[in-house]
$ cat coords30.cif   # mmCIF, C-alpha atoms
data_entry
loop_
_atom_site.label_atom_id
_atom_site.label_comp_id
_atom_site.auth_asym_id
_atom_site.auth_seq_id
_atom_site.Cartn_x
_atom_site.Cartn_y
_atom_site.Cartn_z
CA MET A 13 -57.92 19.21 45.55
CA THR A 14 -57.90 18.48 49.27
CA SER A 15 -58.92 14.87 48.70
CA LEU A 16 -56.24 14.38 46.04
CA THR A 17 -53.61 15.93 48.31
CA LYS A 18 -54.56 13.59 51.11
CA ARG A 19 -54.45 10.55 48.85
CA LEU A 20 -51.09 11.40 47.23
CA PRO A 21 -48.77 10.50 50.12
CA LEU A 22 -50.58 7.19 50.55
CA SER A 23 -50.22 6.45 46.83
CA LEU A 24 -46.52 7.22 46.94
CA PHE A 25 -46.11 5.08 50.03
CA THR A 26 -47.98 2.22 48.39
CA ALA A 27 -45.87 2.48 45.23
CA ALA A 28 -42.68 2.54 47.25
CA ALA A 29 -43.80 -0.45 49.28
CA LEU A 30 -44.74 -2.35 46.12
CA THR A 31 -41.36 -1.54 44.54
CA GLY A 32 -39.61 -2.79 47.64
CA THR A 33 -41.65 -5.97 47.63
CA LEU A 34 -40.90 -6.64 43.97
CA ALA A 35 -37.19 -5.98 44.54
CA ALA A 36 -37.17 -8.38 47.48
CA ALA A 37 -38.98 -11.01 45.42
CA SER A 38 -36.47 -10.61 42.60
CA ALA A 39 -33.61 -11.01 45.06
CA LEU A 40 -35.09 -14.35 46.19
CA ALA A 41 -35.56 -15.74 42.68
CA ALA A 42 -33.03 -17.99 40.96
CA PRO A 43 -30.91 -16.13 38.38
CA GLN A 44 -30.24 -17.28 34.83
CA ILE A 45 -28.74 -20.60 33.79
CA LEU A 46 -25.46 -19.87 32.01
CA ALA A 47 -23.56 -21.42 29.12
CA VAL A 48 -19.76 -21.41 29.44
CA ALA A 49 -18.08 -20.71 26.12
CA GLN A 50 -15.90 -23.54 24.90
CA THR A 51 -12.20 -22.62 24.82
CA GLU A 52 -9.90 -23.22 21.89
CA LEU A 53 -6.86 -22.43 24.04
CA THR A 54 -6.11 -23.19 27.67
CA LEU A 55 -6.44 -20.20 29.98
CA PRO A 56 -3.88 -19.46 32.69
CA VAL A 57 -4.97 -19.86 36.32
CA THR A 58 -3.42 -17.26 38.63
CA CYS A 59 -2.69 -17.91 42.30
CA GLU A 60 -2.38 -15.02 44.75
CA ARG A 61 -3.19 -14.46 48.41
CA GLY A 62 -3.78 -18.17 48.93
CA GLU A 63 -6.42 -18.52 46.20
CA CYS A 64 -6.19 -19.68 42.58
CA THR A 65 -8.66 -18.09 40.19
CA VAL A 66 -9.61 -17.87 36.53
CA GLU A 67 -12.34 -15.97 34.72
CA LEU A 68 -14.43 -17.72 32.04
CA THR A 69 -16.74 -16.35 29.36
CA THR A 70 -20.45 -17.09 29.76
CA ILE A 71 -23.75 -16.15 28.16
CA CYS A 72 -27.30 -16.17 29.47
CA LEU A 73 -29.55 -19.00 28.29
CA GLN A 74 -32.72 -17.54 29.86
CA GLU A 75 -33.40 -13.96 28.81
CA HIS A 76 -36.44 -13.42 31.03
CA ARG A 77 -34.75 -14.32 34.30
CA ALA A 78 -32.60 -11.84 36.19
CA SER A 79 -28.88 -11.67 35.57
CA PRO A 80 -26.81 -12.98 38.47
CA ASN A 81 -25.34 -10.53 40.94
CA PRO A 82 -21.58 -10.65 41.50
CA GLY A 83 -20.87 -13.51 43.88
CA ASN A 84 -23.99 -15.57 43.08
CA ARG A 85 -22.97 -19.23 43.35
CA TYR A 86 -23.18 -21.73 40.48
CA TYR A 87 -22.38 -25.39 39.86
CA VAL A 88 -21.66 -27.44 36.74
CA HIS A 89 -24.61 -29.27 35.23
CA GLY A 90 -24.35 -32.92 34.19
CA ASP A 91 -21.22 -35.00 33.79
CA ARG A 92 -19.12 -32.48 31.85
CA PHE A 93 -16.51 -30.50 33.77
CA PHE A 94 -13.62 -28.12 33.30
CA ASP A 95 -10.28 -29.61 32.30
CA LEU A 96 -8.02 -28.27 35.04
CA THR A 97 -4.36 -29.18 34.51
CA GLY A 98 -1.10 -28.57 36.35
CA THR A 99 2.24 -28.68 34.53
CA THR A 100 5.50 -29.33 36.41
CA PRO A 101 8.77 -27.54 35.55
CA ALA A 102 9.81 -30.78 33.78
CA GLY A 103 6.72 -30.63 31.55
CA GLN A 104 4.71 -33.41 33.23
CA GLU A 105 0.96 -32.76 33.15
CA ILE A 106 -1.19 -33.56 36.19
CA SER A 107 -4.98 -33.57 36.07
CA LEU A 108 -6.47 -31.36 38.76
CA SER A 109 -10.09 -31.67 37.68
CA HIS A 110 -10.89 -33.49 40.93
CA LEU A 111 -10.19 -30.38 43.02
CA PRO A 112 -13.24 -28.75 44.60
CA VAL A 113 -13.87 -25.36 43.03
CA THR A 114 -16.17 -22.47 43.79
CA ILE A 115 -17.97 -20.89 40.84
CA THR A 116 -19.44 -17.41 41.18
CA ALA A 117 -20.79 -14.75 38.85
CA ALA A 118 -18.12 -12.15 38.09
CA ARG A 119 -19.84 -9.57 35.88
CA GLY A 120 -23.53 -10.25 35.31
CA HIS A 121 -24.05 -13.10 32.86
CA ASN A 122 -20.89 -12.34 30.83
CA ALA A 123 -18.24 -13.97 33.02
CA VAL A 124 -17.85 -16.32 35.95
CA ARG A 125 -15.01 -16.74 38.43
CA VAL A 126 -13.69 -20.24 39.16
CA ALA A 127 -11.60 -20.48 42.33
CA PHE A 128 -9.92 -23.01 44.61
CA ARG A 129 -7.52 -22.85 47.57
CA GLU A 130 -3.83 -22.72 46.68
CA THR A 131 -3.07 -25.19 49.49
CA ALA A 132 -4.65 -27.91 47.31
CA LEU A 133 -1.55 -27.71 45.07
CA LYS A 134 1.11 -28.06 47.78
CA LYS A 135 1.57 -31.81 47.51
CA TYR A 136 2.42 -31.51 43.81
CA GLY A 137 5.24 -28.99 44.15
CA PRO A 138 5.64 -26.06 41.73
CA LEU A 139 2.97 -26.10 39.03
CA THR A 140 1.76 -23.92 36.20
CA VAL A 141 -2.02 -24.32 36.22
CA SER A 142 -4.35 -23.91 33.26
CA ILE A 143 -7.99 -24.60 32.44
CA ALA A 144 -9.93 -25.59 29.32
CA VAL A 145 -13.69 -25.66 28.78
CA PRO A 146 -15.29 -28.49 26.76
CA GLU A 147 -18.25 -27.94 24.47
CA ASN A 148 -21.82 -27.66 25.76
CA LEU A 149 -20.94 -26.98 29.39
CA SER A 150 -23.71 -25.27 31.39
CA LEU A 151 -23.90 -23.79 34.88
CA LEU A 152 -26.91 -23.90 37.19
CA PRO A 153 -27.46 -21.42 40.03
CA MET A 154 -27.17 -22.87 43.51
CA PRO A 155 -30.61 -23.36 45.08
CA ILE A 156 -31.87 -20.38 47.08
CA GLU A 157 -33.81 -20.77 50.31
CA ASN A 158 -37.41 -19.52 49.98
CA ASP A 159 -36.97 -19.11 46.21
CA VAL A 160 -40.10 -17.51 44.77
CA ASN A 161 -39.28 -18.65 41.22
CA PRO A 162 -36.99 -21.69 41.37
CA GLN A 163 -35.47 -23.38 38.36
CA THR A 164 -37.83 -26.28 37.65
CA GLU A 165 -36.78 -29.59 36.12
CA GLU A 166 -38.44 -28.45 32.89
CA ASP A 167 -36.54 -25.14 32.97
CA ILE A 168 -33.24 -26.98 33.39
CA LEU A 169 -33.95 -29.55 30.66
CA LEU A 170 -34.89 -26.81 28.19
CA ALA A 171 -31.96 -24.53 28.99
CA THR A 172 -29.26 -27.22 29.06
CA GLY A 173 -30.72 -29.12 26.08
CA PRO A 174 -32.06 -27.35 22.98
CA LEU A 175 -31.21 -23.82 24.17
CA ARG A 176 -27.63 -24.85 24.96
CA GLU A 177 -27.30 -26.47 21.54
CA ALA A 178 -28.50 -23.23 19.91
CA ALA A 179 -25.94 -21.30 21.94
CA THR A 180 -23.21 -23.64 20.73
CA GLN A 181 -24.06 -22.92 17.11
CA LEU A 182 -24.29 -19.15 17.52
CA VAL A 183 -21.69 -18.45 20.20
CA ASP A 184 -19.16 -21.24 20.61
CA LEU A 185 -18.70 -21.52 16.84
CA ASP A 186 -18.51 -17.76 16.18
CA THR A 187 -15.03 -17.21 14.75
CA ASN A 188 -14.99 -13.44 15.20
CA LYS A 189 -16.50 -11.98 18.39
CA LYS A 190 -16.19 -15.16 20.42
CA GLY A 191 -12.62 -15.68 19.26
CA ALA A 192 -11.70 -12.08 20.06
CA ALA A 193 -13.34 -12.37 23.49
CA GLU A 194 -11.38 -15.55 24.23
CA LEU A 195 -8.11 -13.86 23.29
CA ILE A 196 -8.98 -10.89 25.49
CA SER A 197 -9.58 -13.39 28.32
CA GLN A 198 -5.98 -14.50 27.85
CA ALA A 199 -4.88 -10.99 28.82
CA ILE A 200 -7.46 -10.65 31.62
CA ASN A 201 -6.31 -13.84 33.30
CA ARG A 202 -2.67 -12.77 33.23
CA LEU A 203 -3.38 -9.72 35.38
CA PRO A 204 -3.90 -9.50 39.15
CA GLU A 205 -7.55 -9.81 40.11
CA ARG A 206 -7.53 -6.91 42.56
CA GLY A 207 -6.10 -3.43 42.34
CA ARG A 208 -3.93 -1.87 39.68
CA ALA A 209 -1.20 -4.00 38.17
CA SER A 210 2.41 -2.83 38.35
CA ASP A 211 4.13 -1.68 35.18
CA ASP A 212 6.02 -4.98 35.03
CA ALA A 213 2.81 -7.02 35.49
CA ARG A 214 1.05 -5.01 32.79
CA ALA A 215 3.90 -5.52 30.34
CA THR A 216 4.15 -9.23 31.15
CA ALA A 217 0.40 -9.74 30.65
CA ARG A 218 0.47 -7.94 27.32
CA ALA A 219 3.51 -9.90 26.13
CA GLY A 220 1.88 -13.18 27.16
CA PHE A 221 -1.29 -12.25 25.31
CA GLU A 222 0.63 -11.29 22.17
CA ALA A 223 2.57 -14.57 22.20
CA VAL A 224 -0.62 -16.62 22.47
CA SER A 225 -2.47 -14.51 19.90
CA SER A 226 0.29 -14.78 17.31
CA ARG A 227 0.34 -18.58 17.35
CA SER A 228 -3.40 -19.15 17.80
CA GLY A 229 -5.58 -20.54 15.06
CA PHE A 230 -8.19 -17.78 15.34
CA SER A 231 -9.22 -15.75 12.29
CA ASP A 232 -7.31 -12.61 11.33
CA SER A 233 -10.40 -10.58 12.23
CA ALA A 234 -10.59 -12.06 15.74
CA ARG A 235 -6.89 -11.46 16.35
CA ASP A 236 -7.04 -7.93 14.96
CA ASN A 237 -10.04 -7.06 17.16
CA ALA A 238 -8.40 -8.50 20.28
CA ASN A 239 -5.07 -6.82 19.54
CA ALA A 240 -6.80 -3.46 19.10
CA VAL A 241 -8.64 -3.80 22.42
CA VAL A 242 -5.55 -4.85 24.36
CA ARG A 243 -3.51 -2.02 22.85
CA GLU A 244 -6.24 0.56 23.58
CA CYS A 245 -6.69 -0.63 27.18
CA TYR A 246 -2.96 -0.81 27.80
CA GLU A 247 -2.39 2.74 26.61
CA SER A 248 -5.50 4.30 28.19
CA THR A 249 -4.94 2.90 31.69
CA THR A 250 -1.39 4.01 32.37
CA ALA A 251 -3.00 6.49 34.80
CA GLY A 252 -6.45 7.09 36.22
CA SER A 253 -8.92 5.01 38.19
CA LEU A 254 -9.65 2.38 35.52
CA SER A 255 -7.32 -0.62 35.59
CA PHE A 256 -5.95 -2.52 32.60
CA ARG A 257 -7.98 -5.56 33.66
CA GLY A 258 -11.12 -3.50 34.22
CA CYS A 259 -10.86 -1.98 30.73
CA LEU A 260 -10.37 -5.42 29.16
CA GLY A 261 -13.35 -6.81 31.06
CA SER A 262 -15.57 -4.01 29.81
CA TRP A 263 -14.63 -4.66 26.16
CA HIS A 264 -14.99 -8.42 26.64
CA ASP A 265 -18.52 -7.93 27.97
CA ARG A 266 -19.52 -5.72 25.04
CA MET A 267 -18.49 -8.42 22.57
CA ILE A 268 -20.23 -11.18 24.49
CA GLY A 269 -23.29 -8.98 24.99
CA LYS A 270 -23.66 -8.66 21.22
CA LEU A 271 -23.43 -12.43 20.84
CA ASN A 272 -26.00 -12.90 23.59
CA THR A 273 -28.39 -10.54 21.81
CA LYS A 274 -27.83 -12.45 18.56
CA TYR A 275 -28.66 -15.67 20.40
CA TRP A 276 -31.87 -14.30 21.90
CA LYS A 277 -33.01 -12.93 18.53
CA SER A 278 -32.39 -16.32 16.93
CA LEU A 279 -34.87 -17.81 19.38
CA GLY A 280 -37.47 -15.19 18.53
CA ALA A 281 -37.25 -13.73 22.01
CA GLY A 282 -36.19 -10.26 20.87
CA THR A 283 -33.81 -8.11 22.88
#
$ encode --input "coords30.cif" --output "structure tokens"
Amino acid sequence: MTSLTKRLPLSLFTAAALTGTLAAASALAAPQILAVAQTELTLPVTCERGECTVELTTICLQEHRASPNPGNRYYVHGDRFFDLTGTTPAGQEISLSHLPVTITAARGHNAVRVAFRETALKKYGPLTVSIAVPENLSLLPMPIENDVNPQTEEDILLATGPLREAATQLVDLDTNKKGAAELISQAINRLPERGRASDDARATARAGFEAVSSRSGFSDSARDNANAVVRECYESTTAGSLSFRGCLGSWHDRMIGKLNTKYWKSLGAGT
């Protein structure tokens, strides 16, 4: 008994130290490569406090790597890129795809945040900015100094090649959950990124979503699902700590999470 008692604190200390070491190692390992869901509709880009931002739907292509933490940096793989467009009050469209953007994880592997400085738009005058995502676009994590498990060339080729093609078939072409998630993103990106939206901003975001949803080519099921989520979130966040945007983001992530699980199972990786 005495020997066991003496050994116990050391065992606990060793376990705690090992846990800390593993956590530190995980923090220094590259997170998952992500697939950005192709958009059927352009998404609005919102500018506030000197920054223009938009949130895009993503899924994880590598189940056995860690999900990114909020703020983890990413960059676009290959020669595909977002179609960033500005529209003048007269209806003239201006390509803005040359603008430098910062891409960071927003909520795990379910969404990323694309941002650029509002000053980059000054020379064009008043613009309404939107973004579209082409098919088969993938994001790689920015290299990490002293990475204990970096993304190898083979990892990248596999994830952005055959795994990305599988994701296209199971996610990008899903006419129900993916379509509903994209419509919900229409509402998310019409709301302020920080804090609670005013009553006017909430109503404007909902009206904008409903206008887009009604004329979209998505299935009745996708529209019905999205409409139900937006209505539920709108009504349940009139008071309390949860914002309209936060509620929508939570529902969006549930839908995309189910698609991600479907994708992993299709590869035989399980859940």
$ residues_around --input "coords30.cif" --residues "Thr164 of chain A" --least-positions-apart "3" --cutoff "12 Å" --atoms "all atoms listed in the file" --output "JSON, numbers by chain"
{"A": [41, 42, 45, 152, 153, 155, 159, 160, 161, 167, 168, 169, 170, 171]}
$ resolve_selection --input "coords30.cif" --expression "the PyMOL selection byres ((chain A and resi 267) around 12)" --output "number ranges by chain"
A: 69-71, 122-123, 183, 186, 188-197, 234, 237-238, 241, 260-266, 268-274
$ closest_residue --input "coords30.cif" --among "A:Pro204, A:Asp91, A:Cys59, A:Arg257" --to "Glu244 of chain A" --atoms "all atoms listed in the file"
A:Arg257
$ resolve_selection --input "coords30.cif" --expression "the PyMOL selection byres ((chain A and resi 142-146) around 7)" --output "VMD selection string"
chain A and resid 50 to 51 53 to 57 94 to 98 140 to 141 147 to 149
$ resolve_selection --input "coords30.cif" --expression "the PyMOL selection byres ((chain A and resi 116) around 8)" --output "list in words"
Pro82, Gly83, Asn84, Arg85, Tyr86, Thr114, Ile115, Ala117, Ala118, Val124, Arg125 and Val126 of chain A
$ atom_distance --input "coords30.cif" --atom1 "atom CA of Gln44 of chain A" --atom2 "atom CA of Glu75 of chain A"
7.6 Å
$ atom_distance --input "coords30.cif" --atom1 "atom CA of Ser278 of chain A" --atom2 "atom CA of Cys72 of chain A"
13.5 Å
$ closest_residue --input "coords30.cif" --among "A:Ser150, A:Thr187, A:Leu139, A:Ser253" --to "Gly229 of chain A" --atoms "only C-alpha atoms"
A:Thr187
$ atom_distance --input "coords30.cif" --atom1 "atom CA of Leu151 of chain A" --atom2 "atom CA of Pro112 of chain A"
15.3 Å
$ residues_around --input "coords30.cif" --residues "Glu247 of chain A" --least-positions-apart "5" --cutoff "12 Å" --atoms "only C-alpha atoms" --output "ChimeraX atom specification"
/A:211,214-215,218,240-242,252,254-256,259-260
$ closest_residue --input "coords30.cif" --among "A:Thr249, A:Pro43, A:Arg206, A:Asn201" --to "Phe221 of chain A" --atoms "all atoms listed in the file"
A:Asn201
$ axis_aligned_box --input "coords30.cif" --around "segment 158-163 of chain A" --padding-each-side "5 Å" --output "lines of an AutoDock Vina configuration file"
center_x = -37.8
center_y = -20.4
center_z = 44.2
size_x = 14.6
size_y = 15.9
size_z = 21.6
$ closest_residue --input "coords30.cif" --among "A:Thr58, A:Asp212, A:Trp276, A:Val48" --to "Leu175 of chain A" --atoms "all atoms listed in the file"
A:Trp276
$ closest_residue --input "coords30.cif" --among "A:Lys277, A:Pro101, A:Ser233, A:Ala209" --to "Tyr246 of chain A" --atoms "only C-alpha atoms"
A:Ala209
$ closest_residue --input "coords30.cif" --among "A:Cys245, A:Met154, A:Val88, A:Ala179" --to "Ala199 of chain A" --atoms "only C-alpha atoms"
A:Cys245
$ closest_atom_pairs --input "coords30.cif" --of "segment 61-95 of chain A" --to "segment 128-132 of chain A" --cutoff "6 Å" --atoms "all atoms listed in the file" --output "JSON lines"
{"residue": "A:Gly62", "atom": "CA", "partner": "A:Glu130", "partner_atom": "CA", "distance": 5.1}
{"residue": "A:Glu63", "atom": "CA", "partner": "A:Arg129", "partner_atom": "CA", "distance": 4.7}
{"residue": "A:Cys64", "atom": "CA", "partner": "A:Phe128", "partner_atom": "CA", "distance": 5.4}
